[in-house]
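Beneath this line is the structure, given in structure tokens, with notes to follow.
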Amino acid sequence: MVSQHPPRPRDAGHPELKVLPVTIRRVLLVEHRVDFRKGFDGLLGEALSIGAKPYDGDCVVFVKRDKKQLRALVGDGLGLYLVSRRFEGGRLRLLIEFTERPGAKTVSTGELSLLLEGASFTVHKRAKAWRAPSAQDVRPLRVRS
């Protein structure tokens, strides 16, 4: 079946769709078990106990014990967002071992996207971030005569 409407160009005055109007500074994947009956205040307490600052752009991701659901808590200057994702077809294939003590590990926003889609990922070694060479790193070019 052919679409009756031509595709709209991206720059035709239509803004791109954003899911949440927040800027995510870092993503923290919680490594301890959390009671999923908790609401905003309970999950905010869990986030603050691991040193996260949701109002300053930290996105805190909680995974349910059976790995069939996850919740992300993120905020802006006005309030909090609680995003919940339930995996109907099975479990999240996340290689996480729950710990007894509260803690979290930092993951990238790309890894967060994979989590929300239900994909599995394992990062064995991250690439080093690129930085511009300093004046000390640059060697002068020798010219042969």
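Following the order of the structure tokens, first chain is A, next is B, and so on, with residues numbered from 1 inside each chain and ligands from 1 in the order they appear.
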
I'd like the contact shell of segment 44-50 of chain A - 12 Å cut-off, only C-alpha atoms, skipping same-chain residues fewer than 5 positions apart - returned as a short mmCIF file (atom, residue, chain, number, x, y, z; two decimals) with N, CA and C atoms, in the first residue's frame.
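Resulting contents of part-v2.cif:
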data_model
loop_
_atom_site.label_atom_id
_atom_site.label_comp_id
_atom_site.auth_asym_id
_atom_site.auth_seq_id
_atom_site.Cartn_x
_atom_site.Cartn_y
_atom_site.Cartn_z
N VAL A 27 23.86 8.89 33.21
CA VAL A 27 22.90 7.82 33.43
C VAL A 27 23.50 6.85 34.44
N LEU A 28 22.76 6.58 35.50
CA LEU A 28 23.22 5.67 36.55
C LEU A 28 22.32 4.45 36.57
N LEU A 29 22.91 3.27 36.43
CA LEU A 29 22.19 2.01 36.50
C LEU A 29 22.35 1.46 37.92
N VAL A 30 21.25 1.40 38.65
CA VAL A 30 21.27 0.98 40.05
C VAL A 30 21.56 -0.52 40.10
N GLU A 31 22.48 -0.91 40.98
CA GLU A 31 22.92 -2.31 41.06
C GLU A 31 22.31 -3.08 42.23
N HIS A 32 21.53 -2.43 43.07
CA HIS A 32 20.90 -3.15 44.17
C HIS A 32 19.40 -3.29 43.90
N ARG A 33 18.77 -4.22 44.61
CA ARG A 33 17.34 -4.46 44.44
C ARG A 33 16.55 -3.31 45.03
N VAL A 34 15.50 -2.93 44.32
CA VAL A 34 14.63 -1.84 44.77
C VAL A 34 13.19 -2.33 44.73
N ASP A 35 12.42 -1.97 45.74
CA ASP A 35 11.02 -2.33 45.80
C ASP A 35 10.25 -1.50 44.76
N PHE A 36 9.67 -2.17 43.77
CA PHE A 36 9.00 -1.47 42.69
C PHE A 36 7.61 -0.96 43.07
N LYS A 38 7.46 1.35 45.21
CA LYS A 38 7.79 2.73 45.57
C LYS A 38 7.40 3.67 44.43
N GLY A 39 7.02 4.85 44.81
CA GLY A 39 6.66 5.88 43.84
C GLY A 39 7.77 6.91 43.71
N TYR A 55 17.52 16.13 40.00
CA TYR A 55 17.10 17.48 39.61
C TYR A 55 18.17 18.20 38.80
N ASP A 56 19.40 17.71 38.84
CA ASP A 56 20.50 18.32 38.09
C ASP A 56 20.82 17.57 36.81
N ASP A 58 20.71 13.95 36.38
CA ASP A 58 21.05 12.53 36.49
C ASP A 58 19.81 11.70 36.19
N CYS A 59 19.96 10.71 35.33
CA CYS A 59 18.90 9.76 35.03
C CYS A 59 19.24 8.47 35.77
N VAL A 60 18.40 8.08 36.70
CA VAL A 60 18.65 6.91 37.54
C VAL A 60 17.73 5.79 37.06
N VAL A 61 18.33 4.66 36.66
CA VAL A 61 17.57 3.54 36.10
C VAL A 61 17.54 2.41 37.11
N PHE A 62 16.33 1.95 37.43
CA PHE A 62 16.12 0.85 38.35
C PHE A 62 15.61 -0.35 37.57
N ARG A 71 12.53 1.14 35.49
CA ARG A 71 12.03 2.49 35.72
C ARG A 71 13.20 3.45 35.70
N ALA A 72 12.96 4.60 35.11
CA ALA A 72 13.98 5.64 35.04
C ALA A 72 13.43 6.89 35.71
N LEU A 73 14.21 7.47 36.58
CA LEU A 73 13.83 8.68 37.30
C LEU A 73 14.76 9.79 36.84
N VAL A 74 14.19 10.86 36.32
CA VAL A 74 14.99 12.00 35.86
C VAL A 74 14.19 13.26 36.14
N GLY A 75 14.87 14.34 36.37
CA GLY A 75 14.18 15.57 36.70
C GLY A 75 14.75 16.76 35.98
N GLY A 79 10.49 19.61 38.35
CA GLY A 79 9.95 18.39 38.95
C GLY A 79 10.62 17.15 38.43
N LEU A 80 9.98 16.01 38.68
CA LEU A 80 10.55 14.71 38.30
C LEU A 80 9.69 14.03 37.25
N TYR A 81 10.34 13.21 36.44
CA TYR A 81 9.69 12.31 35.50
C TYR A 81 10.00 10.89 35.96
N LEU A 82 9.01 10.03 35.92
CA LEU A 82 9.20 8.61 36.21
C LEU A 82 8.74 7.85 34.98
N ARG A 101 24.54 -3.97 48.94
CA ARG A 101 24.75 -2.58 49.34
C ARG A 101 24.30 -1.66 48.20
N PRO A 102 23.72 -0.51 48.54
CA PRO A 102 23.30 0.44 47.50
C PRO A 102 24.48 0.91 46.66
N GLY A 103 24.30 0.92 45.36
CA GLY A 103 25.34 1.38 44.46
C GLY A 103 24.81 1.46 43.05
N ALA A 104 25.60 2.08 42.18
CA ALA A 104 25.20 2.24 40.78
C ALA A 104 26.44 2.33 39.94
N LYS A 105 26.28 2.01 38.64
CA LYS A 105 27.37 2.21 37.71
C LYS A 105 26.89 3.14 36.61
N THR A 106 27.81 3.88 36.05
CA THR A 106 27.48 4.84 35.01
C THR A 106 27.45 4.14 33.65
#

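Taking only C-alpha atoms into account, Lys68 of chain A lies nearest to A:Gly89 out of the set A:Gly89, A:Pro133, A:Gly42, A:Gly110.
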
Atom CA of Glu111 of chain A and atom CA of Arg86 of chain A, how far apart in Å?
-> 17.3 Å

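As for atom CA of Glu97 of chain A and atom CA of Asp41 of chain A, they are spaced 25.1 Å apart.
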